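Participant: What follows is final_19.txt, made up of compact mmCIF, C-alpha atoms:
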# COMPACT_ATOMS: atom_id res chain seq x y z
CA MET H 163 30.20 -3.96 -83.71
CA ALA H 164 26.70 -4.59 -82.72
CA ILE H 165 26.54 -7.62 -84.97
CA VAL H 166 29.78 -9.10 -83.61
CA GLY H 167 28.60 -8.61 -80.17
CA SER H 168 25.37 -10.33 -81.05
CA ARG H 169 27.20 -13.31 -82.53
CA ARG H 170 29.40 -13.66 -79.49
CA ARG H 171 26.37 -13.71 -77.24
CA SER H 172 24.72 -16.24 -79.51
CA GLY H 173 27.75 -18.48 -79.37
CA THR H 174 27.88 -18.27 -75.63
CA THR H 175 24.25 -19.17 -75.46
CA GLN H 176 24.81 -22.19 -77.65
CA GLN H 177 27.72 -23.37 -75.50
CA ASN H 178 25.62 -23.00 -72.37
CA ALA H 179 22.87 -24.92 -74.02
CA ASN H 180 25.23 -27.87 -74.42
CA LEU H 181 26.09 -27.94 -70.70
CA PRO H 182 24.33 -30.51 -68.52
CA ILE H 183 21.21 -29.07 -66.96
CA VAL H 184 20.82 -29.30 -63.15
CA SER H 185 17.10 -29.52 -62.59
CA ALA H 186 15.30 -27.55 -59.87
CA ASN H 187 13.95 -30.84 -58.57
CA TYR H 188 17.49 -32.08 -58.00
CA LYS H 189 18.42 -28.94 -56.05
CA TRP H 190 15.29 -29.19 -53.91
CA LYS H 191 15.94 -32.89 -53.31
CA LYS H 192 19.46 -32.03 -52.17
CA TRP H 193 18.31 -29.38 -49.66
CA SER H 194 15.22 -31.27 -48.57
CA TYR H 195 17.40 -33.53 -46.43
CA PHE H 196 18.00 -30.54 -44.13
CA VAL H 197 14.33 -29.46 -43.86
CA PRO H 198 13.38 -31.87 -41.03
CA LEU H 199 16.37 -30.70 -38.99
CA VAL H 200 15.49 -27.02 -39.46
CA VAL H 201 11.85 -27.65 -38.56
CA ALA H 202 12.85 -29.63 -35.48
CA LEU H 203 15.14 -26.84 -34.27
CA ALA H 204 12.40 -24.24 -34.83
CA VAL H 205 9.84 -26.30 -32.90
CA MET H 206 12.27 -26.85 -30.03
CA SER H 207 12.98 -23.12 -29.90
CA ASP H 208 9.26 -22.26 -29.84
CA MET H 209 8.58 -24.80 -27.12
CA ALA H 210 11.35 -23.38 -24.96
CA PHE H 211 9.98 -19.85 -25.45
CA VAL H 212 6.43 -20.89 -24.57
CA ASP H 213 7.67 -22.69 -21.47
CA ARG H 214 9.42 -19.53 -20.30
CA LEU H 215 6.43 -17.37 -21.18
CA HIS H 216 3.94 -19.47 -19.22
CA PHE H 217 6.16 -20.45 -16.32
CA PHE H 218 4.20 -18.31 -13.87
CA SER H 219 0.83 -18.47 -15.62
CA GLN H 220 0.39 -22.23 -15.38
CA PRO H 221 -0.80 -23.89 -12.18
CA PRO H 222 1.91 -25.86 -10.38
CA PRO H 223 1.84 -29.66 -10.20
CA ALA H 224 -0.73 -31.12 -7.83
CA ASN H 225 1.94 -32.22 -5.36
CA GLN H 226 3.71 -28.86 -5.30
CA GLU H 227 2.54 -25.80 -3.36
CA PRO H 228 2.35 -22.72 -5.62
CA THR H 229 4.56 -19.77 -4.86
CA ILE H 230 3.06 -16.41 -4.00
CA GLN H 231 4.27 -15.07 -7.35
CA GLN H 232 2.47 -17.89 -9.18
CA LEU H 233 -0.75 -17.25 -7.25
CA VAL H 234 -0.61 -13.54 -8.09
CA GLN H 235 0.13 -14.26 -11.76
CA LEU H 236 -2.88 -16.57 -12.02
CA SER H 237 -5.11 -13.89 -10.46
CA LYS H 238 -3.73 -11.26 -12.82
CA ASN H 239 -4.40 -13.44 -15.85
CA GLU H 240 -7.99 -13.96 -14.72
CA LEU H 241 -8.63 -10.30 -13.92
CA ASN H 242 -7.25 -9.19 -17.27
CA THR H 243 -10.18 -10.86 -19.07
CA MET H 244 -12.95 -9.89 -16.62
CA PRO H 245 -15.58 -7.28 -17.58
CA PHE H 246 -14.60 -5.25 -14.51
CA PHE H 247 -11.08 -4.66 -15.79
CA VAL H 248 -12.31 -4.09 -19.35
CA ASN H 249 -14.51 -1.27 -18.01
CA PHE H 250 -11.73 0.04 -15.76
CA TRP H 251 -9.34 0.27 -18.71
CA ASP H 252 -12.00 1.77 -20.97
CA GLN H 253 -12.65 4.57 -18.46
CA ILE H 254 -8.98 5.50 -18.33
CA GLN H 255 -8.80 5.71 -22.09
CA ASN H 256 -12.19 7.14 -23.02
CA ASN H 257 -13.50 9.14 -20.06
CA GLU H 258 -12.27 12.58 -21.08
CA GLU H 259 -12.22 14.07 -17.59
CA ILE H 260 -10.38 11.14 -16.03
CA SER H 261 -7.81 10.96 -18.83
CA LEU H 262 -7.33 14.76 -18.83
CA ARG H 263 -6.76 14.93 -15.07
CA LEU H 264 -4.28 12.05 -15.21
CA GLU H 265 -2.57 13.66 -18.18
CA ASN H 266 -2.23 16.99 -16.35
CA LEU H 267 -0.78 15.23 -13.34
CA VAL H 268 1.76 13.36 -15.47
CA ASN H 269 2.72 16.47 -17.45
CA SER H 270 3.52 18.31 -14.22
CA THR H 271 6.48 15.99 -13.61
CA ASP H 272 9.98 16.29 -15.05
CA ASP H 273 10.09 12.76 -16.47
CA SER H 274 6.38 12.31 -17.28
CA LYS H 275 6.04 9.60 -14.66
CA ILE H 276 4.24 9.60 -11.32
CA ASP H 277 4.93 7.58 -8.19
CA MET H 278 2.56 4.98 -6.80
CA VAL H 279 1.84 4.01 -3.19
CA ILE H 280 -0.27 0.98 -2.25
CA TYR H 281 -1.96 0.60 1.14
CA CYS H 282 -4.38 -1.96 2.60
CA ILE H 283 -3.70 -4.70 0.08
CA GLY H 284 -4.20 -7.51 2.62
CA ARG H 285 -2.76 -11.03 2.80
CA ILE H 286 -1.89 -11.90 -0.78
CA LYS H 287 -0.99 -15.48 0.11
CA GLU H 288 -4.20 -16.18 2.00
CA SER H 289 -6.82 -14.08 0.19
CA GLU H 290 -7.94 -14.16 -3.43
CA HIS H 291 -9.53 -10.74 -2.86
CA SER H 292 -6.11 -9.35 -1.99
CA ARG H 293 -4.47 -10.98 -5.00
CA LEU H 294 -7.11 -9.49 -7.30
CA GLN H 295 -6.53 -6.05 -5.79
CA LEU H 296 -2.78 -6.38 -6.25
CA SER H 297 -3.38 -7.66 -9.79
CA LEU H 298 -5.21 -4.45 -10.66
CA ALA H 299 -2.13 -2.45 -9.68
CA LEU H 300 0.12 -4.79 -11.69
CA LEU H 301 -2.07 -4.56 -14.80
CA LEU H 302 -2.23 -0.79 -14.50
CA LYS H 303 1.53 -0.38 -14.31
CA GLU H 304 2.02 -2.80 -17.21
CA LYS H 305 -0.43 -1.06 -19.53
CA VAL H 306 0.47 2.59 -18.95
CA ASP H 307 3.83 4.26 -19.37
CA TRP H 308 3.28 7.07 -16.88
CA ILE H 309 3.79 5.12 -13.64
CA ASN H 310 7.32 5.04 -12.28
CA ASN H 311 7.81 1.28 -12.04
CA ASP H 312 11.01 1.77 -10.05
CA ASN H 313 9.18 3.64 -7.32
CA ILE H 314 6.04 1.70 -6.38
CA LYS H 315 5.79 1.49 -2.62
CA ILE H 316 3.55 -0.91 -0.69
CA PHE H 317 2.62 -1.48 2.93
CA ASP H 318 0.12 -3.46 4.96
CA PRO H 319 0.79 -4.40 8.59
CA ARG H 320 -0.88 -7.77 8.02
CA LEU H 321 1.66 -8.87 5.39
CA SER H 322 4.02 -11.61 6.53
CA ASP H 323 7.77 -11.61 6.00
CA GLU H 324 7.27 -14.21 3.26
CA GLU H 325 4.74 -11.99 1.47
CA ASN H 326 6.92 -8.90 1.80
CA GLU H 327 9.85 -10.83 0.35
CA ALA H 328 7.71 -11.97 -2.58
CA LEU H 329 6.56 -8.38 -3.18
CA SER H 330 10.17 -7.21 -3.16
CA GLU H 331 11.00 -9.86 -5.76
CA MET H 332 8.09 -8.57 -7.87
CA GLY H 333 9.68 -5.11 -7.90
CA PHE H 334 7.80 -3.32 -5.10
CA GLN H 335 9.46 -1.24 -2.41
CA VAL H 336 8.09 -2.55 0.89
CA LEU H 337 7.66 0.24 3.46
CA GLU H 338 8.38 -0.28 7.13
CA ASN H 339 5.17 1.48 8.17
CA ASN H 340 2.37 3.52 6.68
CA GLU H 341 2.43 6.31 9.28
CA GLY H 342 -1.34 6.14 9.43
CA GLY H 343 -1.52 7.14 5.78
CA ARG H 344 0.17 10.45 6.57
CA ARG H 345 2.51 10.49 3.62
CA LYS H 346 3.63 13.75 2.07
CA ALA H 347 3.18 13.77 -1.70
CA ASN H 348 6.06 16.03 -2.70
CA GLU H 349 5.72 14.65 -6.23
CA PRO H 350 2.54 13.68 -8.12
CA THR H 351 1.51 10.34 -6.65
CA LEU H 352 -1.22 7.78 -7.23
CA PHE H 353 -2.38 6.33 -3.92
CA TYR H 354 -4.03 2.96 -4.47
CA MET H 355 -5.95 2.28 -1.25
CA PRO H 356 -8.59 -0.46 -1.67
CA HIS H 357 -10.76 -0.86 1.42
CA CYS H 358 -8.65 1.35 3.68
CA PRO H 359 -10.26 2.66 6.88
CA VAL H 360 -11.56 6.20 6.56
CA THR H 361 -8.96 7.41 9.07
CA MET H 362 -6.17 6.65 6.59
CA TYR H 363 -7.79 8.73 3.87
CA LEU H 364 -8.23 11.56 6.37
CA GLY H 365 -4.57 11.26 7.44
CA LEU H 366 -3.40 11.44 3.83
CA MET H 367 -5.59 14.47 3.13
CA GLU H 368 -4.50 16.33 6.27
CA GLU H 369 -0.81 15.69 5.61
CA ASN H 370 -1.08 17.29 2.16
CA LEU H 371 -3.80 19.84 2.76
CA GLU H 372 -1.49 22.82 3.11
CA ASP H 373 0.43 22.78 -0.18
CA THR H 374 0.65 19.38 -1.90
CA LEU H 375 -2.94 18.19 -2.22
CA ASN H 376 -2.84 18.78 -5.97
CA ASN H 377 -0.17 16.07 -6.19
CA VAL H 378 -2.56 13.45 -4.79
CA VAL H 379 -4.86 11.22 -6.81
CA ILE H 380 -6.60 8.38 -4.99
CA LEU H 381 -7.91 5.08 -6.32
CA GLY H 382 -9.88 3.71 -3.40
CA ASN H 383 -13.19 3.58 -1.59
CA SER H 384 -15.84 6.07 -2.67
CA PHE H 385 -15.85 9.18 -0.46
CA GLU H 386 -19.48 9.75 -1.40
CA LYS H 387 -20.25 6.31 -0.03
CA TYR H 388 -18.42 7.17 3.18
CA LYS H 389 -20.67 10.19 3.58
CA THR H 390 -23.71 7.92 3.78
CA ASP H 391 -22.00 5.57 6.26
CA TYR H 392 -20.52 8.08 8.70
CA ASP H 393 -21.79 11.23 10.37
CA ASP H 394 -19.95 14.51 10.09
CA SER H 395 -18.23 14.00 13.46
CA ASN H 396 -15.72 11.85 11.56
CA ASN H 397 -14.82 14.77 9.23
CA VAL H 398 -15.83 12.65 6.23
CA ASP H 399 -17.40 15.68 4.57
CA SER H 400 -13.95 17.24 4.31
CA LEU H 401 -12.83 14.30 2.14
CA SER H 402 -15.54 14.77 -0.44
CA GLY H 403 -15.07 18.53 -0.15
CA ASN H 404 -11.38 18.47 -1.00
CA PHE H 405 -11.70 15.59 -3.47
CA SER H 406 -14.87 16.73 -5.16
CA ARG H 407 -14.18 15.06 -8.52
CA GLU H 408 -15.07 11.42 -8.01
CA PHE H 409 -15.56 8.78 -10.68
CA GLN H 410 -16.80 5.36 -9.65
CA ILE H 411 -15.45 2.43 -11.62
CA VAL H 412 -18.37 1.22 -13.72
CA ARG H 413 -19.06 -2.47 -13.39
CA ASN H 414 -20.67 -4.48 -16.15
CA VAL H 415 -23.80 -6.46 -15.27
CA VAL H 416 -21.92 -9.53 -16.49
CA ASP H 417 -19.61 -9.13 -13.49
CA ILE H 418 -21.54 -11.32 -11.10
CA LEU H 419 -18.57 -13.04 -9.50
CA PRO H 420 -18.70 -12.49 -5.72
CA LEU H 421 -14.91 -12.24 -5.61
CA VAL H 422 -14.90 -9.25 -7.94
CA GLN H 423 -17.84 -7.61 -6.17
CA VAL H 424 -16.07 -7.82 -2.81
CA ALA H 425 -12.56 -6.96 -4.00
CA PHE H 426 -13.58 -3.80 -5.86
CA LYS H 427 -16.74 -2.71 -4.10
CA HIS H 428 -17.21 1.09 -4.36
CA LEU H 429 -13.79 1.52 -6.00
CA SER H 430 -13.47 5.04 -7.40
CA TRP H 431 -11.04 7.64 -8.69
CA MET H 432 -10.79 10.71 -6.44
CA PHE H 433 -9.22 13.93 -7.67
CA CYS H 434 -8.55 17.19 -5.87
CA SER H 435 -11.24 19.80 -6.50
CA GLU H 436 -8.77 22.43 -7.72
Write the structure described by the file as structure tokens, please.
Facilitator:
Amino acid sequence: MAIVGSRRRSGTTQQNANLPIVSANYKWKKWSYFVPLVVALAVMSDMAFVDRLHFFSQPPPANQEPTIQQLVQLSKNELNTMPFFVNFWDQIQNNEEISLRLENLVNSTDDSKIDMVIYCIGRIKESEHSRLQLSLALLLKEKVDWINNDNIKIFDPRLSDEENEALSEMGFQVLENNEGGRRKANEPTLFYMPHCPVTMYLGLMEENLEDTLNNVVILGNSFEKYKTDYDDSNNVDSLSGNFSREFQIVRNVVDILPLVQVAFKHLSWMFCSE
């Protein structure tokens, strides 16, 4: 049986050997006609994707005024590569006390996300400083997964209707007023308050002093710096007393741009002492 089977296979092989051979070159030549079309479609697809990707990151034509969203996107792209932000991000990841305190705050929530409130951002259409400050908040919420992106509130009385509309389109909840900073933090909340007057920090502290101060973390002006600028009649000592864990954002010596120096001067993390 084995021999018969072998002969049958041999015969089949001989018959196949007599068939005309279709060379690999012929097959490739046949399909090669379609290669330029496939390549062209792939290039067109990539170009369309790149155009969508960079729609907001590219400067508008010279004869067209940029939108507020485009201005903010350009500032965010620039800040993302600056030594200041590199250091800021490195501190969040590698400073054990900062990362542990943020982790504890996040873990105290039901959904492992904390709210965010932004005060004193300034005129984002008129000021590059303001756009850089807003860009820091945008980069932070993009790079971490513990900020509730659906609940980021923002307020500044100087913002125009046009700016508030642009902020709404960017996903922020625009508040009607800031109540002097007196906002109750019933849930763990990051208050981003660049260059706010000291009275707003005091209002926020006093509103939460009784039972919710542990829910408050502040990213804003250094309270230690305030102590050197104000006397105790302004109750500034109570700020540094209740937020005794302060970490100033380290700036690299390479960061010599005046815009960065002004926008983030004395910016620090402030945590409750408990």
Participant: Find, counting all atoms listed in the file, the residue in H:Glu408, H:Glu327, H:Glu288, H:Glu304 that gets nearest to H:Asn383.
Facilitator: H:Glu408
Participant: Counting only C-alpha atoms, which residues sit no farther than 10 Å from the position (-1.1, -2.0, 5.4) in the file's frame? I'd like them as a PyMOL selection string.
Facilitator: chain H and resi 280-285+316-321+337-343+355+358
Participant: For stretch 265-277 of chain H, find every residue with an atom within 6 Å (counting only C-alpha atoms), except residues of its own chain fewer than 4 positions away, and show them as a PyMOL selection string.
Facilitator: chain H and resi 261+308-310+313+350-351
Participant: Quick one: residues within 10 Å of H:Lys389, all atoms listed in the file counted, chain neighbours fewer than 6 positions away excluded, as a PyMOL selection string?
Facilitator: chain H and resi 396-402
Participant: What does the distance between atom CA of H:Asn377 and atom CA of H:Cys434 come to in Å, to one decimal place?
Facilitator: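 So the two atoms, atom CA of H:Asn377 and atom CA of H:Cys434, lie 8.5 Å apart.
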Participant: Show me, as a list of chain:residue names, the residues that have an atom within 10 Å of H:Asn348 when counting all atoms listed in the file, minus same-chain residues fewer than 6 positions from it.
Facilitator: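 So the residues in contact are H:Asn370, H:Asp373, H:Thr374, H:Leu375, H:Asn376, H:Asn377, H:Val378.
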Participant: Please determine, counting all atoms listed in the file, which residue among H:Ser430, H:Ala328, H:Asp391, H:Glu368 has the shortest atom-to-atom distance to H:Gln231.
Facilitator: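 Answer, going by the shortest atom-to-atom distance: H:Ala328.
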Participant: Which of these, H:Leu236, H:Tyr388, H:Pro356, H:Leu300, has the shortest distance to H:Met332 once you count all atoms listed in the file?
Facilitator: H:Leu300
Participant: Rebuild all heavy atoms on stretch 347-358 of chain H, as a PDB file, in the coordinates of the input?
Facilitator:
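Done, and the output landed in selection-v3.pdb:
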ATOM      1  N   ALA H 347       3.039  13.988  -0.259  1.00  0.00           N
ATOM      2  CA  ALA H 347       3.180  13.770  -1.700  1.00  0.00           C
ATOM      3  C   ALA H 347       3.942  14.959  -2.298  1.00  0.00           C
ATOM      4  O   ALA H 347       3.356  15.860  -2.900  1.00  0.00           O
ATOM      5  CB  ALA H 347       1.816  13.615  -2.357  1.00  0.00           C
ATOM      6  N   ASN H 348       5.249  14.944  -2.146  1.00  0.00           N
ATOM      7  CA  ASN H 348       6.060  16.030  -2.700  1.00  0.00           C
ATOM      8  C   ASN H 348       6.101  15.984  -4.223  1.00  0.00           C
ATOM      9  O   ASN H 348       6.398  16.989  -4.862  1.00  0.00           O
ATOM     10  CB  ASN H 348       7.477  15.970  -2.127  1.00  0.00           C
ATOM     11  CG  ASN H 348       7.513  16.270  -0.637  1.00  0.00           C
ATOM     12  OD1 ASN H 348       6.871  17.219  -0.173  1.00  0.00           O
ATOM     13  ND2 ASN H 348       8.234  15.447   0.119  1.00  0.00           N
ATOM     14  N   GLU H 349       5.839  14.825  -4.779  1.00  0.00           N
ATOM     15  CA  GLU H 349       5.720  14.650  -6.230  1.00  0.00           C
ATOM     16  C   GLU H 349       4.347  14.064  -6.537  1.00  0.00           C
ATOM     17  O   GLU H 349       3.723  13.436  -5.684  1.00  0.00           O
ATOM     18  CB  GLU H 349       6.819  13.703  -6.744  1.00  0.00           C
ATOM     19  CG  GLU H 349       8.235  14.175  -6.501  1.00  0.00           C
ATOM     20  CD  GLU H 349       8.590  15.403  -7.325  1.00  0.00           C
ATOM     21  OE1 GLU H 349       7.927  15.615  -8.373  1.00  0.00           O
ATOM     22  OE2 GLU H 349       9.515  16.136  -6.941  1.00  0.00           O
ATOM     23  N   PRO H 350       3.829  14.276  -7.751  1.00  0.00           N
ATOM     24  CA  PRO H 350       2.540  13.680  -8.120  1.00  0.00           C
ATOM     25  C   PRO H 350       2.534  12.179  -7.856  1.00  0.00           C
ATOM     26  O   PRO H 350       3.435  11.462  -8.293  1.00  0.00           O
ATOM     27  CB  PRO H 350       2.430  13.996  -9.615  1.00  0.00           C
ATOM     28  CG  PRO H 350       3.210  15.260  -9.784  1.00  0.00           C
ATOM     29  CD  PRO H 350       4.364  15.132  -8.830  1.00  0.00           C
ATOM     30  N   THR H 351       1.526  11.728  -7.122  1.00  0.00           N
ATOM     31  CA  THR H 351       1.510  10.340  -6.650  1.00  0.00           C
ATOM     32  C   THR H 351       0.102   9.761  -6.743  1.00  0.00           C
ATOM     33  O   THR H 351      -0.873  10.403  -6.348  1.00  0.00           O
ATOM     34  CB  THR H 351       1.995  10.250  -5.196  1.00  0.00           C
ATOM     35  OG1 THR H 351       3.288  10.849  -5.085  1.00  0.00           O
ATOM     36  CG2 THR H 351       2.078   8.799  -4.744  1.00  0.00           C
ATOM     37  N   LEU H 352       0.033   8.540  -7.254  1.00  0.00           N
ATOM     38  CA  LEU H 352      -1.220   7.780  -7.230  1.00  0.00           C
ATOM     39  C   LEU H 352      -1.219   6.917  -5.988  1.00  0.00           C
ATOM     40  O   LEU H 352      -0.346   6.076  -5.807  1.00  0.00           O
ATOM     41  CB  LEU H 352      -1.321   6.906  -8.490  1.00  0.00           C
ATOM     42  CG  LEU H 352      -2.414   5.825  -8.486  1.00  0.00           C
ATOM     43  CD1 LEU H 352      -3.796   6.443  -8.336  1.00  0.00           C
ATOM     44  CD2 LEU H 352      -2.340   4.976  -9.750  1.00  0.00           C
ATOM     45  N   PHE H 353      -2.214   7.137  -5.121  1.00  0.00           N
ATOM     46  CA  PHE H 353      -2.380   6.330  -3.920  1.00  0.00           C
ATOM     47  C   PHE H 353      -3.482   5.308  -4.184  1.00  0.00           C
ATOM     48  O   PHE H 353      -4.655   5.663  -4.343  1.00  0.00           O
ATOM     49  CB  PHE H 353      -2.749   7.209  -2.719  1.00  0.00           C
ATOM     50  CG  PHE H 353      -1.615   8.050  -2.214  1.00  0.00           C
ATOM     51  CD1 PHE H 353      -1.360   9.302  -2.769  1.00  0.00           C
ATOM     52  CD2 PHE H 353      -0.778   7.594  -1.195  1.00  0.00           C
ATOM     53  CE1 PHE H 353      -0.304  10.083  -2.324  1.00  0.00           C
ATOM     54  CE2 PHE H 353       0.276   8.373  -0.733  1.00  0.00           C
ATOM     55  CZ  PHE H 353       0.514   9.617  -1.302  1.00  0.00           C
ATOM     56  N   TYR H 354      -3.076   4.053  -4.264  1.00  0.00           N
ATOM     57  CA  TYR H 354      -4.030   2.960  -4.470  1.00  0.00           C
ATOM     58  C   TYR H 354      -4.350   2.385  -3.099  1.00  0.00           C
ATOM     59  O   TYR H 354      -3.498   1.758  -2.461  1.00  0.00           O
ATOM     60  CB  TYR H 354      -3.414   1.915  -5.393  1.00  0.00           C
ATOM     61  CG  TYR H 354      -4.294   0.712  -5.673  1.00  0.00           C
ATOM     62  CD1 TYR H 354      -5.662   0.836  -5.890  1.00  0.00           C
ATOM     63  CD2 TYR H 354      -3.736  -0.569  -5.735  1.00  0.00           C
ATOM     64  CE1 TYR H 354      -6.456  -0.267  -6.148  1.00  0.00           C
ATOM     65  CE2 TYR H 354      -4.517  -1.682  -6.006  1.00  0.00           C
ATOM     66  CZ  TYR H 354      -5.871  -1.522  -6.209  1.00  0.00           C
ATOM     67  OH  TYR H 354      -6.667  -2.617  -6.461  1.00  0.00           O
ATOM     68  N   MET H 355      -5.591   2.596  -2.629  1.00  0.00           N
ATOM     69  CA  MET H 355      -5.950   2.280  -1.250  1.00  0.00           C
ATOM     70  C   MET H 355      -7.287   1.520  -1.199  1.00  0.00           C
ATOM     71  O   MET H 355      -8.297   2.043  -0.730  1.00  0.00           O
ATOM     72  CB  MET H 355      -6.044   3.572  -0.434  1.00  0.00           C
ATOM     73  CG  MET H 355      -4.766   4.400  -0.479  1.00  0.00           C
ATOM     74  SD  MET H 355      -4.930   6.064   0.245  1.00  0.00           S
ATOM     75  CE  MET H 355      -5.240   5.677   1.978  1.00  0.00           C
ATOM     76  N   PRO H 356      -7.330   0.290  -1.685  1.00  0.00           N
ATOM     77  CA  PRO H 356      -8.590  -0.460  -1.670  1.00  0.00           C
ATOM     78  C   PRO H 356      -8.997  -0.857  -0.252  1.00  0.00           C
ATOM     79  O   PRO H 356      -8.221  -1.482   0.470  1.00  0.00           O
ATOM     80  CB  PRO H 356      -8.275  -1.689  -2.534  1.00  0.00           C
ATOM     81  CG  PRO H 356      -6.796  -1.870  -2.403  1.00  0.00           C
ATOM     82  CD  PRO H 356      -6.223  -0.490  -2.265  1.00  0.00           C
ATOM     83  N   HIS H 357     -10.187  -0.462   0.134  1.00  0.00           N
ATOM     84  CA  HIS H 357     -10.760  -0.860   1.420  1.00  0.00           C
ATOM     85  C   HIS H 357      -9.950  -0.401   2.626  1.00  0.00           C
ATOM     86  O   HIS H 357      -9.865  -1.096   3.637  1.00  0.00           O
ATOM     87  CB  HIS H 357     -10.980  -2.373   1.484  1.00  0.00           C
ATOM     88  CG  HIS H 357     -11.900  -2.890   0.425  1.00  0.00           C
ATOM     89  ND1 HIS H 357     -13.044  -2.220   0.055  1.00  0.00           N
ATOM     90  CD2 HIS H 357     -11.851  -4.006  -0.342  1.00  0.00           C
ATOM     91  CE1 HIS H 357     -13.661  -2.902  -0.902  1.00  0.00           C
ATOM     92  NE2 HIS H 357     -12.950  -3.986  -1.168  1.00  0.00           N
ATOM     93  N   CYS H 358      -9.338   0.775   2.527  1.00  0.00           N
ATOM     94  CA  CYS H 358      -8.650   1.350   3.680  1.00  0.00           C
ATOM     95  C   CYS H 358      -9.677   1.947   4.643  1.00  0.00           C
ATOM     96  O   CYS H 358     -10.751   2.400   4.217  1.00  0.00           O
ATOM     97  CB  CYS H 358      -7.685   2.444   3.246  1.00  0.00           C
ATOM     98  SG  CYS H 358      -6.126   1.841   2.601  1.00  0.00           S
TER      99      CYS H 358
END
